[in-house]
Structure formats: structure tokens, C-alpha cells
>>> print(open('entry-v3.json').read())   # JSON, C-alpha atoms and all ligand atoms
[["chain", "number", "residue", "atom", "x", "y", "z"],
["A", 5, "MET", "CA", -32.25, -32.98, -88.26],
["A", 6, "PRO", "CA", -33.93, -30.17, -86.31],
["A", 7, "ARG", "CA", -35.03, -32.71, -83.71],
["A", 8, "LYS", "CA", -31.49, -34.08, -83.36],
["A", 9, "ARG", "CA", -29.97, -30.59, -83.08],
["A", 10, "SER", "CA", -32.57, -29.72, -80.52],
["A", 11, "GLY", "CA", -31.67, -32.89, -78.56],
["A", 12, "GLN", "CA", -27.97, -32.02, -78.64],
["A", 13, "LEU", "CA", -28.75, -28.52, -77.48],
["A", 14, "PHE", "CA", -30.79, -29.95, -74.63],
["A", 15, "ILE", "CA", -27.93, -32.25, -73.54],
["A", 16, "TRP", "CA", -25.45, -29.40, -73.77],
["A", 17, "GLU", "CA", -27.71, -27.15, -71.68],
["A", 18, "GLU", "CA", -28.11, -29.89, -69.07],
["A", 19, "ARG", "CA", -24.33, -30.43, -68.89],
["A", 20, "ARG", "CA", -23.78, -26.71, -68.47],
["A", 21, "LYS", "CA", -26.36, -26.62, -65.68],
["A", 22, "ILE", "CA", -24.75, -29.56, -63.84],
["A", 23, "MET", "CA", -21.29, -27.93, -64.16],
["A", 24, "SER", "CA", -22.69, -24.66, -62.89],
["A", 25, "ASP", "CA", -24.40, -26.40, -59.92],
["A", 26, "GLU", "CA", -21.10, -28.16, -59.20],
["A", 27, "LYS", "CA", -19.29, -24.80, -59.16],
["A", 28, "ILE", "CA", -21.84, -23.38, -56.72],
["A", 29, "LYS", "CA", -21.51, -26.48, -54.54],
["A", 30, "ASN", "CA", -17.73, -26.21, -54.48],
["A", 31, "ALA", "CA", -17.87, -22.52, -53.75],
["A", 32, "SER", "CA", -20.18, -23.12, -50.75],
["A", 33, "PRO", "CA", -19.01, -26.30, -49.06],
["A", 34, "HIS", "CA", -20.70, -25.62, -45.72],
["A", 35, "VAL", "CA", -24.45, -25.96, -45.58],
["A", 36, "LEU", "CA", -26.82, -24.66, -42.91],
["A", 37, "PRO", "CA", -28.05, -27.86, -41.23],
["A", 38, "SER", "CA", -31.81, -28.30, -40.86],
["A", 39, "LEU", "CA", -33.31, -27.51, -37.47],
["A", 40, "PRO", "CA", -34.00, -30.82, -35.69],
["A", 41, "TYR", "CA", -37.60, -29.65, -34.97],
["A", 42, "GLU", "CA", -40.23, -27.16, -36.12],
["A", 43, "ASP", "CA", -39.55, -23.50, -35.29],
["A", 44, "ASN", "CA", -42.41, -23.49, -32.74],
["A", 45, "ALA", "CA", -41.39, -26.79, -31.05],
["A", 46, "LEU", "CA", -39.62, -25.06, -28.15],
["A", 47, "TYR", "CA", -42.49, -22.70, -27.31],
["A", 48, "PRO", "CA", -43.19, -21.28, -24.73],
["A", 49, "ALA", "CA", -39.60, -21.48, -23.40],
["A", 50, "ILE", "CA", -38.28, -20.15, -26.75],
["A", 51, "SER", "CA", -40.65, -18.61, -29.31],
["A", 52, "ALA", "CA", -40.79, -19.28, -33.05],
["A", 53, "ASN", "CA", -39.92, -15.60, -33.49],
["A", 54, "THR", "CA", -36.63, -16.05, -31.62],
["A", 55, "ILE", "CA", -35.85, -19.25, -33.54],
["A", 56, "GLY", "CA", -36.66, -17.47, -36.80],
["A", 57, "PHE", "CA", -34.06, -14.78, -36.18],
["A", 58, "HIS", "CA", -31.55, -16.96, -34.35],
["A", 59, "TYR", "CA", -31.52, -19.80, -36.87],
["A", 60, "GLY", "CA", -32.63, -18.00, -40.03],
["A", 61, "LYS", "CA", -30.46, -14.90, -39.66],
["A", 62, "HIS", "CA", -27.66, -15.48, -37.14],
["A", 63, "HIS", "CA", -26.79, -19.14, -37.70],
["A", 64, "LYS", "CA", -27.28, -18.80, -41.46],
["A", 65, "GLY", "CA", -25.12, -15.66, -41.40],
["A", 66, "TYR", "CA", -22.20, -17.53, -39.80],
["A", 67, "VAL", "CA", -22.37, -20.29, -42.44],
["A", 68, "ASP", "CA", -22.64, -17.80, -45.32],
["A", 69, "ASN", "CA", -19.78, -15.66, -43.95],
["A", 70, "LEU", "CA", -17.59, -18.71, -43.47],
["A", 71, "ASN", "CA", -18.14, -19.83, -47.07],
["A", 72, "LYS", "CA", -17.18, -16.35, -48.32],
["A", 73, "LEU", "CA", -14.10, -16.14, -46.07],
["A", 74, "ILE", "CA", -12.66, -19.53, -46.99],
["A", 75, "SER", "CA", -13.40, -19.43, -50.71],
["A", 76, "GLY", "CA", -10.12, -19.92, -52.58],
["A", 77, "THR", "CA", -8.07, -20.39, -49.39],
["A", 78, "GLU", "CA", -6.28, -23.37, -47.85],
["A", 79, "PHE", "CA", -9.42, -23.90, -45.71],
["A", 80, "ALA", "CA", -11.84, -24.20, -48.65],
["A", 81, "ASP", "CA", -12.13, -27.98, -48.64],
["A", 82, "LEU", "CA", -11.63, -28.73, -44.95],
["A", 83, "PRO", "CA", -14.29, -30.05, -42.56],
["A", 84, "LEU", "CA", -15.69, -27.54, -40.07],
["A", 85, "GLU", "CA", -13.97, -29.03, -37.01],
["A", 86, "THR", "CA", -10.57, -28.97, -38.77],
["A", 87, "ILE", "CA", -11.04, -25.31, -39.71],
["A", 88, "ILE", "CA", -11.83, -24.53, -36.06],
["A", 89, "THR", "CA", -8.77, -26.31, -34.64],
["A", 90, "LYS", "CA", -6.44, -24.95, -37.35],
["A", 91, "THR", "CA", -7.49, -21.30, -36.85],
["A", 92, "ALA", "CA", -7.95, -21.22, -33.04],
["A", 93, "GLY", "CA", -5.69, -18.67, -31.38],
["A", 94, "LYS", "CA", -4.31, -17.32, -34.69],
["A", 95, "ALA", "CA", -4.69, -13.55, -34.77],
["A", 96, "ASP", "CA", -4.72, -13.36, -38.58],
["A", 97, "LYS", "CA", -7.46, -16.00, -38.85],
["A", 98, "THR", "CA", -9.88, -14.60, -36.28],
["A", 99, "ALA", "CA", -12.75, -13.97, -38.71],
["A", 100, "ILE", "CA", -12.59, -17.51, -40.13],
["A", 101, "PHE", "CA", -12.37, -19.00, -36.62],
["A", 102, "ASN", "CA", -15.29, -16.94, -35.31],
["A", 103, "ASN", "CA", -17.63, -17.87, -38.15],
["A", 104, "ALA", "CA", -16.56, -21.54, -38.26],
["A", 105, "ALA", "CA", -16.89, -21.94, -34.48],
["A", 106, "GLN", "CA", -20.25, -20.16, -34.42],
["A", 107, "ALA", "CA", -21.51, -22.40, -37.25],
["A", 108, "TRP", "CA", -20.45, -25.46, -35.22],
["A", 109, "ASN", "CA", -21.70, -24.11, -31.87],
["A", 110, "HIS", "CA", -25.16, -23.32, -33.22],
["A", 111, "ALA", "CA", -25.65, -26.71, -34.90],
["A", 112, "PHE", "CA", -24.67, -28.26, -31.53],
["A", 113, "TYR", "CA", -26.94, -25.90, -29.56],
["A", 114, "TRP", "CA", -30.07, -26.79, -31.56],
["A", 115, "LYS", "CA", -29.45, -30.47, -30.83],
["A", 116, "SER", "CA", -28.86, -29.71, -27.13],
["A", 117, "MET", "CA", -32.59, -28.91, -26.83],
["A", 118, "ARG", "CA", -35.79, -30.72, -27.71],
["A", 119, "SER", "CA", -39.50, -30.32, -27.31],
["A", 120, "LYS", "CA", -40.50, -31.64, -23.85],
["A", 121, "GLY", "CA", -36.88, -31.87, -22.76],
["A", 122, "GLY", "CA", -35.53, -31.36, -19.24],
["A", 123, "GLY", "CA", -36.49, -33.80, -16.51],
["A", 124, "GLU", "CA", -34.32, -36.72, -15.48],
["A", 125, "PRO", "CA", -31.30, -37.73, -17.60],
["A", 126, "PRO", "CA", -31.15, -41.35, -18.81],
["A", 127, "ALA", "CA", -29.73, -43.65, -16.10],
["A", 128, "ALA", "CA", -26.27, -44.04, -17.70],
["A", 129, "LEU", "CA", -25.79, -40.27, -17.85],
["A", 130, "LYS", "CA", -27.40, -39.65, -14.46],
["A", 131, "GLN", "CA", -24.86, -41.98, -12.86],
["A", 132, "LYS", "CA", -21.95, -40.06, -14.44],
["A", 133, "ILE", "CA", -23.47, -36.70, -13.47],
["A", 134, "GLU", "CA", -23.96, -37.83, -9.87],
["A", 135, "ALA", "CA", -20.36, -39.07, -9.75],
["A", 136, "SER", "CA", -19.13, -35.61, -10.81],
["A", 137, "PHE", "CA", -21.61, -33.18, -9.22],
["A", 138, "GLY", "CA", -23.35, -35.18, -6.48],
["A", 139, "SER", "CA", -26.79, -34.69, -8.06],
["A", 140, "VAL", "CA", -28.52, -33.66, -11.30],
["A", 141, "ASP", "CA", -29.74, -30.48, -9.57],
["A", 142, "ALA", "CA", -26.18, -29.53, -8.64],
["A", 143, "CYS", "CA", -25.13, -30.07, -12.28],
["A", 144, "LYS", "CA", -28.01, -27.87, -13.51],
["A", 145, "LYS", "CA", -27.03, -25.18, -10.98],
["A", 146, "GLU", "CA", -23.45, -25.18, -12.29],
["A", 147, "LEU", "CA", -24.63, -24.94, -15.90],
["A", 148, "ALA", "CA", -26.94, -22.03, -14.93],
["A", 149, "SER", "CA", -24.23, -20.31, -12.92],
["A", 150, "ALA", "CA", -21.73, -20.54, -15.81],
["A", 151, "ALA", "CA", -24.41, -19.23, -18.20],
["A", 152, "VAL", "CA", -25.40, -16.29, -16.02],
["A", 153, "SER", "CA", -21.87, -15.32, -14.97],
["A", 154, "GLN", "CA", -20.42, -15.34, -18.51],
["A", 155, "PHE", "CA", -19.71, -11.64, -19.08],
["A", 156, "GLY", "CA", -21.08, -10.53, -22.44],
["A", 157, "SER", "CA", -21.64, -13.10, -25.17],
["A", 158, "GLY", "CA", -20.73, -16.75, -24.88],
["A", 159, "TRP", "CA", -21.72, -20.29, -24.04],
["A", 160, "SER", "CA", -22.24, -22.60, -21.05],
["A", 161, "TRP", "CA", -21.14, -26.18, -21.72],
["A", 162, "LEU", "CA", -21.40, -29.62, -20.19],
["A", 163, "VAL", "CA", -18.18, -31.35, -21.26],
["A", 164, "LEU", "CA", -16.23, -34.52, -20.81],
["A", 165, "ASP", "CA", -12.72, -33.60, -19.64],
["A", 166, "SER", "CA", -10.38, -36.57, -19.16],
["A", 167, "ASN", "CA", -13.38, -38.86, -18.57],
["A", 168, "LYS", "CA", -14.92, -36.56, -15.94],
["A", 169, "ILE", "CA", -18.10, -34.60, -16.62],
["A", 170, "THR", "CA", -17.66, -30.92, -15.84],
["A", 171, "VAL", "CA", -19.07, -27.47, -16.68],
["A", 172, "VAL", "CA", -17.16, -24.75, -18.50],
["A", 173, "LYS", "CA", -18.07, -21.40, -20.00],
["A", 174, "THR", "CA", -16.57, -19.81, -23.11],
["A", 175, "GLY", "CA", -16.66, -16.25, -24.44],
["A", 176, "ASN", "CA", -17.92, -15.14, -27.86],
["A", 177, "ALA", "CA", -17.34, -17.98, -30.38],
["A", 178, "ASP", "CA", -14.93, -20.06, -28.29],
["A", 179, "VAL", "CA", -15.63, -23.77, -28.10],
["A", 180, "PRO", "CA", -14.12, -26.40, -25.73],
["A", 181, "LEU", "CA", -13.10, -28.53, -28.76],
["A", 182, "THR", "CA", -9.96, -26.40, -29.06],
["A", 183, "THR", "CA", -8.80, -27.27, -25.54],
["A", 184, "GLY", "CA", -9.21, -31.03, -25.87],
["A", 185, "MET", "CA", -12.55, -31.30, -24.08],
["A", 186, "LYS", "CA", -15.52, -33.15, -25.54],
["A", 187, "PRO", "CA", -18.72, -31.07, -25.58],
["A", 188, "LEU", "CA", -21.84, -32.94, -24.36],
["A", 189, "LEU", "CA", -24.37, -30.11, -24.59],
["A", 190, "THR", "CA", -24.45, -26.31, -24.64],
["A", 191, "ILE", "CA", -26.57, -23.26, -23.85],
["A", 192, "ASP", "CA", -26.17, -20.16, -26.02],
["A", 193, "VAL", "CA", -26.05, -17.02, -23.85],
["A", 194, "TRP", "CA", -25.59, -14.44, -26.60],
["A", 195, "GLU", "CA", -28.37, -11.86, -26.25],
["A", 196, "HIS", "CA", -29.80, -12.90, -29.64],
["A", 197, "ALA", "CA", -30.69, -16.27, -28.04],
["A", 198, "TYR", "CA", -33.15, -14.76, -25.56],
["A", 199, "TYR", "CA", -33.67, -11.01, -25.91],
["A", 200, "LEU", "CA", -36.91, -11.13, -27.93],
["A", 201, "ASP", "CA", -38.54, -13.44, -25.36],
["A", 202, "TYR", "CA", -36.86, -12.43, -22.09],
["A", 203, "GLN", "CA", -35.25, -9.03, -22.77],
["A", 204, "ASN", "CA", -32.33, -8.84, -20.28],
["A", 205, "ARG", "CA", -33.53, -11.70, -18.02],
["A", 206, "ARG", "CA", -30.83, -14.18, -19.01],
["A", 207, "ALA", "CA", -31.33, -16.29, -15.87],
["A", 208, "ASP", "CA", -35.02, -16.86, -16.71],
["A", 209, "TYR", "CA", -34.09, -18.04, -20.22],
["A", 210, "VAL", "CA", -31.36, -20.33, -18.88],
["A", 211, "ASN", "CA", -33.63, -21.89, -16.25],
["A", 212, "ALA", "CA", -36.38, -22.41, -18.85],
["A", 213, "VAL", "CA", -33.89, -24.18, -21.14],
["A", 214, "LEU", "CA", -32.63, -26.39, -18.30],
["A", 215, "ASP", "CA", -36.10, -27.25, -16.96],
["A", 216, "LYS", "CA", -38.11, -27.58, -20.20],
["A", 217, "LEU", "CA", -35.78, -28.13, -23.14],
["A", 218, "ILE", "CA", -32.42, -29.60, -22.28],
["A", 219, "ASN", "CA", -31.74, -32.76, -24.27],
["A", 220, "TRP", "CA", -30.01, -35.18, -21.91],
["A", 221, "GLU", "CA", -30.24, -37.97, -24.51],
["A", 222, "PHE", "CA", -28.06, -35.90, -26.85],
["A", 223, "ALA", "CA", -25.52, -35.42, -24.04],
["A", 224, "LEU", "CA", -25.49, -39.19, -23.42],
["A", 225, "GLN", "CA", -24.89, -39.90, -27.13],
["A", 226, "ASN", "CA", -21.93, -37.51, -27.06],
["A", 227, "ALA", "CA", -20.54, -39.05, -23.87],
["A", 228, "GLY", "CA", -20.41, -42.51, -25.47],
["B", 1, "FE", "FE", -26.58, -17.77, -31.05]]
>>> encode(input="entry-v3.json", output="C-alpha cells", more="lines below")
Ligand SMILES: [Fe+2]
Amino acid sequence: MPRKRSGQLFIWEERRKIMSDEKIKNASPHVLPSLPYEDNALYPAISANTIGFHYGKHHKGYVDNLNKLISGTEFADLPLETIITKTAGKADKTAIFNNAAQAWNHAFYWKSMRSKGGGEPPAALKQKIEASFGSVDACKKELASAAVSQFGSGWSWLVLDSNKITVVKTGNADVPLTTGMKPLLTIDVWEHAYYLDYQNRRADYVNAVLDKLINWEFALQNAG
């Protein structure tokens, strides 16, 4: 008998644990995605120290805040992109929009870079870039110019807009998804993206990203 009771107790404890895990899962539907590389993979253009703060504190903070803000609301079970489009431009939903968009933007930013990136885009993308900008260098100059001229915090984006590749910049958490454009890649120009490595030299950070890290293959995948 004691063994049986002990077995029942064990099963009951396990069930309670599974139910409790399920509750936690439901209460936190958005998960911080893994970095697509090691935290030192982008060195020396971006240090492990910067990645540690940027990914481990800022990106994680947006995901955690979002989960808190949407808990028990109409947004609780919606995918990230739906939350972004449903809250964009709504004054009473600004906090949810900002944290949802920043969660999306950062996941997209990490994939927009890779170790030993930069260089020539794959032929299929290069052709499209040349059709829009004349040359890859001209495209990189536009991305850099948008990044450097964005006043305050924001993002520089390569996007597909009605089948044409173009460059746009957005402020704070804004993302071109909300205006019907398809993001191909992005550069984060919030100070937290570069200040530890470059202090106020945003242009040096942007040029290092474009020359050493930019992931043209990711842009091509998104253009497909
Ligand atoms: Fe950031």
C-alpha cells in the first residue's frame, strides 16, 4: 500500500507540475529567440560586450515587457506581427506596439548580420539592387545615409516596396511592416547598438556593419 500511495502521489505531483508549466507557458507566449551566432561572432565590428547588453538586456526586456503588457488582454494569444499591425498608430496601445515592434525588429536585426558578412550580394539580389540603385555601393551609401541621418533612435531598412528595392528609415520602434513594405534587412541605430564600442561615432558603426557583417543572403531570402 505505501508504495502504491507513493506512486499516486508521484503522478499527482507530476500532473501539477505539467499544469503549472502550462500556465507559465500561456502567460508568456512570446519567447526571446536564440541569437543566430555566438555573442563574439561579430567581433571586432560589434563586441561580445555590446551583444551581451543589446540582446541579453534590451531585446529580452522588450519580450518580457510585451508578455506582461498583453497578459489577459485581447492580444494575449496573437502572433507578434498581428499585434504590431493591430496596435500601430493607436494612441492607447503605444506601449504594446513599442515592445512588440522592438521584439520583432531585434529578431530581424540579428539575422541581418553574420560573421564574415558584407562583400558582394548573391547574383539574384545584386541584379535587383543594381536595377534600383545603379550599384551595390550606391545601395550601401543610401542605407548608411538613412542610418546616420535618422534623428535620435531608429532603424535603417532595405525594403521591397511594390516590387522595387528601396531604403527607408524609421524612428524609435517603427517598422515598415505597418506601411505595407516588406523588410529585407535592417540596421539598428539606437545608441545601445553601438555606444559601448563606438561611443557617438554612429557612422563608423554603420559602415562596419555594412562592410563586415551585413547578411545579403538573408535579404535575398526575404525578397523571394
Ligand atoms: Fe536595439
>>> residues_near_ligand(input="entry-v3.json", ligand="ligand FE 1 (chain B)", cutoff="8 Å", atoms="only C-alpha atoms and all ligand atoms", output="ChimeraX atom specification")
/A:58-59,62-63,106,110,192-197
>>> residues_around(input="entry-v3.json", residues="Ser149 in chain A", least_positions_apart="5", cutoff="9 Å", atoms="only C-alpha atoms", output="PyMOL selection string")
chain A and resi 144+154+160+207
>>> write_last_selection(input="entry-v3.json", atoms="C-alpha atoms", output="PDB file, in the coordinates of the input")
ATOM      1  CA  LYS A 144     -28.010 -27.870 -13.510  1.00  0.00           C
ATOM      2  CA  GLN A 154     -20.420 -15.340 -18.510  1.00  0.00           C
ATOM      3  CA  SER A 160     -22.240 -22.600 -21.050  1.00  0.00           C
ATOM      4  CA  ALA A 207     -31.330 -16.290 -15.870  1.00  0.00           C
TER       5      ALA A 207
END
>>> closest_residue(input="entry-v3.json", among="A:Ser139, A:Gly121, A:Leu70, A:Glu85", to="Lys97 in chain A", atoms="all atoms listed in the file")
A:Leu70
>>> closest_residue(input="entry-v3.json", among="A:Thr183, A:Asn109, A:Asn219, A:Thr54", to="Tyr199 in chain A", atoms="all atoms listed in the file")
A:Thr54
>>> atom_distance(input="entry-v3.json", atom1="CA of Val210 in chain A", atom2="CA of Ala151 in chain A")
7.1 Å
>>> atom_distance(input="entry-v3.json", atom1="CA of Ile50 in chain A", atom2="CA of Phe137 in chain A")
27.5 Å
>>> atom_distance(input="entry-v3.json", atom1="CA of Gly184 in chain A", atom2="CA of Val35 in chain A")
25.4 Å
>>> closest_residue(input="entry-v3.json", among="A:Lys72, A:Lys168, A:Pro33, A:Asp208", to="Lys132 in chain A", atoms="all atoms listed in the file")
A:Lys168
>>> residues_near_point(input="entry-v3.json", point="(-28.3, -28.8, -13.5)", cutoff="12 Å", atoms="only C-alpha atoms", output="count of residues only")
40
>>> residues_around(input="entry-v3.json", residues="Asn53 in chain A", least_positions_apart="5", cutoff="9 Å", atoms="all atoms listed in the file", output="PyMOL selection string")
chain A and resi 43-44+58+200-201
>>> residues_around(input="entry-v3.json", residues="Ala107 in chain A", least_positions_apart="5", cutoff="12 Å", atoms="all atoms listed in the file", output="PDB file with C-alpha atoms, in the frame of the given file")
ATOM      1  CA  HIS A  34     -20.700 -25.620 -45.720  1.00  0.00           C
ATOM      2  CA  VAL A  35     -24.450 -25.960 -45.580  1.00  0.00           C
ATOM      3  CA  LEU A  36     -26.820 -24.660 -42.910  1.00  0.00           C
ATOM      4  CA  PRO A  37     -28.050 -27.860 -41.230  1.00  0.00           C
ATOM      5  CA  HIS A  58     -31.550 -16.960 -34.350  1.00  0.00           C
ATOM      6  CA  TYR A  59     -31.520 -19.800 -36.870  1.00  0.00           C
ATOM      7  CA  LYS A  61     -30.460 -14.900 -39.660  1.00  0.00           C
ATOM      8  CA  HIS A  62     -27.660 -15.480 -37.140  1.00  0.00           C
ATOM      9  CA  HIS A  63     -26.790 -19.140 -37.700  1.00  0.00           C
ATOM     10  CA  LYS A  64     -27.280 -18.800 -41.460  1.00  0.00           C
ATOM     11  CA  GLY A  65     -25.120 -15.660 -41.400  1.00  0.00           C
ATOM     12  CA  TYR A  66     -22.200 -17.530 -39.800  1.00  0.00           C
ATOM     13  CA  VAL A  67     -22.370 -20.290 -42.440  1.00  0.00           C
ATOM     14  CA  ASP A  68     -22.640 -17.800 -45.320  1.00  0.00           C
ATOM     15  CA  ASN A  69     -19.780 -15.660 -43.950  1.00  0.00           C
ATOM     16  CA  LEU A  70     -17.590 -18.710 -43.470  1.00  0.00           C
ATOM     17  CA  ASN A  71     -18.140 -19.830 -47.070  1.00  0.00           C
ATOM     18  CA  PRO A  83     -14.290 -30.050 -42.560  1.00  0.00           C
ATOM     19  CA  LEU A  84     -15.690 -27.540 -40.070  1.00  0.00           C
ATOM     20  CA  GLU A  85     -13.970 -29.030 -37.010  1.00  0.00           C
ATOM     21  CA  ILE A  87     -11.040 -25.310 -39.710  1.00  0.00           C
ATOM     22  CA  ILE A  88     -11.830 -24.530 -36.060  1.00  0.00           C
ATOM     23  CA  ILE A 100     -12.590 -17.510 -40.130  1.00  0.00           C
ATOM     24  CA  PHE A 101     -12.370 -19.000 -36.620  1.00  0.00           C
ATOM     25  CA  ASN A 102     -15.290 -16.940 -35.310  1.00  0.00           C
ATOM     26  CA  PHE A 112     -24.670 -28.260 -31.530  1.00  0.00           C
ATOM     27  CA  TYR A 113     -26.940 -25.900 -29.560  1.00  0.00           C
ATOM     28  CA  TRP A 114     -30.070 -26.790 -31.560  1.00  0.00           C
ATOM     29  CA  ALA A 177     -17.340 -17.980 -30.380  1.00  0.00           C
ATOM     30  CA  ASP A 178     -14.930 -20.060 -28.290  1.00  0.00           C
ATOM     31  CA  VAL A 179     -15.630 -23.770 -28.100  1.00  0.00           C
TER      32      VAL A 179
END
>>> decode(input="entry-v3.json", residues="range 43-53 of chain A", atoms="all heavy atoms", output="mmCIF file, in the first residue's frame")
data_model
loop_
_atom_site.group_PDB
_atom_site.id
_atom_site.type_symbol
_atom_site.label_atom_id
_atom_site.label_comp_id
_atom_site.auth_asym_id
_atom_site.auth_seq_id
_atom_site.Cartn_x
_atom_site.Cartn_y
_atom_site.Cartn_z
ATOM 1 N N ASP A 43 28.000 35.085 -29.142
ATOM 2 C CA ASP A 43 27.991 36.529 -28.846
ATOM 3 C C ASP A 43 29.282 37.244 -29.284
ATOM 4 O O ASP A 43 29.327 38.455 -29.371
ATOM 5 C CB ASP A 43 27.683 36.799 -27.367
ATOM 6 C CG ASP A 43 28.745 36.258 -26.435
ATOM 7 O OD1 ASP A 43 29.728 35.646 -26.919
ATOM 8 O OD2 ASP A 43 28.602 36.446 -25.214
ATOM 9 N N ASN A 44 30.337 36.448 -29.591
ATOM 10 C CA ASN A 44 31.581 37.084 -30.059
ATOM 11 C C ASN A 44 31.768 36.937 -31.577
ATOM 12 O O ASN A 44 32.819 37.275 -32.116
ATOM 13 C CB ASN A 44 32.791 36.498 -29.324
ATOM 14 C CG ASN A 44 32.930 35.002 -29.558
ATOM 15 O OD1 ASN A 44 32.090 34.400 -30.244
ATOM 16 N ND2 ASN A 44 33.960 34.406 -29.014
ATOM 17 N N ALA A 45 30.741 36.445 -32.269
ATOM 18 C CA ALA A 45 30.868 36.138 -33.711
ATOM 19 C C ALA A 45 30.996 37.397 -34.573
ATOM 20 O O ALA A 45 31.493 37.319 -35.692
ATOM 21 C CB ALA A 45 29.673 35.321 -34.184
ATOM 22 N N LEU A 46 30.553 38.540 -34.058
ATOM 23 C CA LEU A 46 30.563 39.760 -34.877
ATOM 24 C C LEU A 46 31.764 40.655 -34.569
ATOM 25 O O LEU A 46 31.906 41.728 -35.165
ATOM 26 C CB LEU A 46 29.255 40.539 -34.674
ATOM 27 C CG LEU A 46 27.957 39.738 -34.882
ATOM 28 C CD1 LEU A 46 26.740 40.649 -34.737
ATOM 29 C CD2 LEU A 46 27.936 39.036 -36.239
ATOM 30 N N TYR A 47 32.625 40.185 -33.634
ATOM 31 C CA TYR A 47 33.814 40.939 -33.269
ATOM 32 C C TYR A 47 34.789 40.977 -34.451
ATOM 33 O O TYR A 47 34.906 39.975 -35.148
ATOM 34 C CB TYR A 47 34.475 40.281 -32.040
ATOM 35 C CG TYR A 47 35.669 41.026 -31.528
ATOM 36 C CD1 TYR A 47 35.512 42.127 -30.691
ATOM 37 C CD2 TYR A 47 36.963 40.651 -31.917
ATOM 38 C CE1 TYR A 47 36.615 42.831 -30.230
ATOM 39 C CE2 TYR A 47 38.064 41.354 -31.459
ATOM 40 C CZ TYR A 47 37.876 42.435 -30.622
ATOM 41 O OH TYR A 47 38.968 43.128 -30.183
ATOM 42 N N PRO A 48 35.507 42.052 -34.744
ATOM 43 C CA PRO A 48 35.613 43.275 -33.942
ATOM 44 C C PRO A 48 34.595 44.370 -34.316
ATOM 45 O O PRO A 48 34.579 45.404 -33.663
ATOM 46 C CB PRO A 48 37.038 43.755 -34.255
ATOM 47 C CG PRO A 48 37.277 43.318 -35.662
ATOM 48 C CD PRO A 48 36.509 42.029 -35.832
ATOM 49 N N ALA A 49 33.755 44.153 -35.324
ATOM 50 C CA ALA A 49 32.799 45.205 -35.693
ATOM 51 C C ALA A 49 31.826 45.489 -34.545
ATOM 52 O O ALA A 49 31.486 46.639 -34.263
ATOM 53 C CB ALA A 49 32.035 44.814 -36.954
ATOM 54 N N ILE A 50 31.354 44.418 -33.887
ATOM 55 C CA ILE A 50 30.488 44.561 -32.702
ATOM 56 C C ILE A 50 31.003 43.586 -31.647
ATOM 57 O O ILE A 50 31.157 42.393 -31.921
ATOM 58 C CB ILE A 50 29.006 44.257 -33.036
ATOM 59 C CG1 ILE A 50 28.476 45.250 -34.082
ATOM 60 C CG2 ILE A 50 28.151 44.321 -31.777
ATOM 61 C CD1 ILE A 50 27.041 44.982 -34.524
ATOM 62 N N SER A 51 31.274 44.103 -30.448
ATOM 63 C CA SER A 51 31.882 43.265 -29.401
ATOM 64 C C SER A 51 30.846 42.377 -28.708
ATOM 65 O O SER A 51 29.638 42.643 -28.743
ATOM 66 C CB SER A 51 32.536 44.158 -28.346
ATOM 67 O OG SER A 51 31.526 44.876 -27.655
ATOM 68 N N ALA A 52 31.367 41.337 -28.036
ATOM 69 C CA ALA A 52 30.507 40.454 -27.237
ATOM 70 C C ALA A 52 29.845 41.243 -26.102
ATOM 71 O O ALA A 52 28.721 40.941 -25.704
ATOM 72 C CB ALA A 52 31.327 39.294 -26.674
ATOM 73 N N ASN A 53 30.548 42.263 -25.618
ATOM 74 C CA ASN A 53 30.003 43.105 -24.554
ATOM 75 C C ASN A 53 28.737 43.825 -25.027
ATOM 76 O O ASN A 53 27.709 43.832 -24.342
ATOM 77 C CB ASN A 53 31.083 44.123 -24.137
ATOM 78 C CG ASN A 53 30.735 44.835 -22.849
ATOM 79 O OD1 ASN A 53 30.004 44.305 -22.011
ATOM 80 N ND2 ASN A 53 31.232 46.040 -22.691
#
